[in-house]
Amino acid sequence: MDPDQEILFEMPHVIRQYKSGRVERFFTQDVPASTDPATNVTSKDVIINQSTGLWVRIYLPNLTQPNQKLPIVVYYHGGAFMIGSASDPFSHSYMNKLTSDAKIIAVSVNYRLAPEFPFPIGYDDSLEALKWVTSHANGGSDSEPWLVQHGDFSRVFLIGCSAGANIAHTVALRAGSETFPAGVIIKGMVLIHAYFAGKERIGSELKLSPAERAITEQIWDFVCPGTTGLDDPLSNPFAEGAPSVKDLACKRVLVSVAELDPLRDRGVWYYEKLKESEWEGEAELHESEGETHAFHVFKLGSEKGAELQKRTIEFLNK
């Protein structure tokens, strides 16, 4: 059979890879950076690494003062590590609304995706983006003016959804051993419907059929080949031998779960493990009743979405 037609891996209606290496994504759409008429938020794309093509989309709200300083949110989109982007319509709409409602300057990271770029490449990109953002605390002629003029580097936050929440955790962990410019404080992290797993099933995972469980394992092997499976610390941050969370770069974490999300119990597990750990920070838990995975980006104006937005903004302003 033609290797360009023979399927190696497939998630129906999401992604397909052929033995030739060719990849098809079926959930692909991009919207340009612009001024959003609904929120009056302006966005623009900036390439931060010419050699790898790593870029970010920066969002600036309508300002009431010319030199107004705003909290900085570094955002990591979801998509099971293999779909989605900083320019997909769901992420873009969510960032416009969060930027407007919370009065922040936001940086959405377009990390590279598996399988073309197997993880941990995406983690490396995501940390690089955070370091690029914080490098602007010192200004400079080549700096991004929106960050220099309007970023409050004493109020930097990480937010991630689904796989992006997994990435945010890993970035915060790695950032704990990094040296940032004077004045930079990573104040907190918001993990929304985080994509974590483990070999030992918990909660609703116990109800998964053998076939459903096998799919979970196959997905992880697909995006992060060569690892130790679901108990790799990148998948299970509290597995035996995982790096201690004691030195997470932030001292406040908000974990958001959705009642009907298959990942709900794993999110609560993360929250409880974090509270039991040596980490000396403050963890909070928010649950959206009657909702499922990533509902807040697909149903942006819903009642429960507004509740989650309000809780997120309260966390950023605390």
# chains A, B, ... in the order shown; residues from 1 in each chain; ligands from 1
>>> select_by_dssp(residues="stretch 10-238 of chain A", states="strand (DSSP E or B)", output="VMD selection string")
chain A and resid 10 to 11 15 to 18 23 to 25 35 42 to 49 54 to 60 70 to 76 105 to 110 151 to 161 186 to 192
>>> closest_atom_pairs(of="stretch 247-287 of chain A", to="stretch 182-206 of chain A", cutoff="9 Å", atoms="only C-alpha atoms", output="CSV")
residue,atom,partner,partner_atom,distance
A:Ala249,CA,A:Ile186,CA,6.3
A:Cys250,CA,A:Gly188,CA,5.1
A:Lys251,CA,A:Gly188,CA,6.2
A:Arg252,CA,A:Gly188,CA,4.6
A:Val253,CA,A:Met189,CA,4.8
A:Leu254,CA,A:Val190,CA,4.7
A:Val255,CA,A:Leu191,CA,4.9
A:Ser256,CA,A:Ile192,CA,4.7
A:Val257,CA,A:His193,CA,5.1
A:Ala258,CA,A:His193,CA,6.8
A:Asp261,CA,A:His193,CA,7.7
A:Pro262,CA,A:Ser204,CA,6.8
A:Leu263,CA,A:His193,CA,6.7
A:Arg264,CA,A:His193,CA,6.9
A:Asp265,CA,A:Gly203,CA,5.6
A:Arg266,CA,A:Phe196,CA,6.5
A:Gly267,CA,A:Ala194,CA,6.0
A:Trp269,CA,A:Ile202,CA,8.3
A:Tyr270,CA,A:Phe196,CA,8.3
>>> residues_around(residues="stretch 103-107 of chain A", least_positions_apart="2", cutoff="9 Å", atoms="only C-alpha atoms", output="number ranges by chain")
A: 56-63, 69-76, 95-96, 98-101, 109, 129-130, 133, 146-147, 150-152
>>> write_last_selection(atoms="C-alpha atoms", output="PDB file, in the first residue's frame")
ATOM      1  CA  VAL A  56       2.820  34.743  19.805  1.00  0.00           C
ATOM      2  CA  ARG A  57      -0.380  36.756  19.474  1.00  0.00           C
ATOM      3  CA  ILE A  58      -0.479  39.761  21.794  1.00  0.00           C
ATOM      4  CA  TYR A  59      -3.743  41.343  22.966  1.00  0.00           C
ATOM      5  CA  LEU A  60      -4.166  44.887  24.241  1.00  0.00           C
ATOM      6  CA  PRO A  61      -7.454  46.207  25.686  1.00  0.00           C
ATOM      7  CA  ASN A  62      -8.915  49.625  25.091  1.00  0.00           C
ATOM      8  CA  LEU A  63      -6.863  51.838  27.417  1.00  0.00           C
ATOM      9  CA  LYS A  69       0.193  49.277  33.425  1.00  0.00           C
ATOM     10  CA  LEU A  70      -1.665  45.976  33.233  1.00  0.00           C
ATOM     11  CA  PRO A  71      -1.214  42.432  34.532  1.00  0.00           C
ATOM     12  CA  ILE A  72       0.379  40.127  31.960  1.00  0.00           C
ATOM     13  CA  VAL A  73      -1.217  36.774  31.110  1.00  0.00           C
ATOM     14  CA  VAL A  74       0.738  34.179  29.136  1.00  0.00           C
ATOM     15  CA  TYR A  75      -1.814  31.796  27.627  1.00  0.00           C
ATOM     16  CA  TYR A  76      -1.401  28.235  26.343  1.00  0.00           C
ATOM     17  CA  MET A  95      -8.568  35.897  24.526  1.00  0.00           C
ATOM     18  CA  ASN A  96     -10.372  38.966  23.204  1.00  0.00           C
ATOM     19  CA  LEU A  98     -10.619  37.798  28.738  1.00  0.00           C
ATOM     20  CA  THR A  99      -8.374  40.719  27.776  1.00  0.00           C
ATOM     21  CA  SER A 100     -11.324  43.101  27.735  1.00  0.00           C
ATOM     22  CA  ASP A 101     -13.058  41.826  30.883  1.00  0.00           C
ATOM     23  CA  VAL A 109       1.658  31.206  22.552  1.00  0.00           C
ATOM     24  CA  ALA A 129       7.817  32.367  25.131  1.00  0.00           C
ATOM     25  CA  LEU A 130       7.548  33.123  28.852  1.00  0.00           C
ATOM     26  CA  VAL A 133       7.827  38.074  27.626  1.00  0.00           C
ATOM     27  CA  TRP A 146       3.038  46.979  24.066  1.00  0.00           C
ATOM     28  CA  LEU A 147       4.804  44.922  26.718  1.00  0.00           C
ATOM     29  CA  HIS A 150       1.811  48.563  29.392  1.00  0.00           C
ATOM     30  CA  GLY A 151       3.056  45.377  31.074  1.00  0.00           C
ATOM     31  CA  ASP A 152       3.237  45.159  34.852  1.00  0.00           C
TER      32      ASP A 152
END
>>> select_by_dssp(residues="stretch 38-98 of chain A", states="helix (DSSP H, G or I)", output="list in words")
Pro89, Phe90, Ser91, His92, Ser93, Tyr94, Met95, Asn96, Lys97 and Leu98 of chain A
>>> closest_residue(among="A:Pro32, A:Glu212, A:Asn166, A:Asp247", to="A:Pro233", atoms="only C-alpha atoms")
A:Asn166
>>> residues_around(residues="A:Leu234", least_positions_apart="4", cutoff="12 Å", atoms="only C-alpha atoms", output="ChimeraX atom specification")
/A:119-120,122-123,163,165-171,173-174,195-198,220-221,223-225,227-230,238-243
>>> closest_residue(among="A:Ser87, A:Ser244, A:Asn49, A:Thr179", to="A:Glu128", atoms="only C-alpha atoms")
A:Asn49
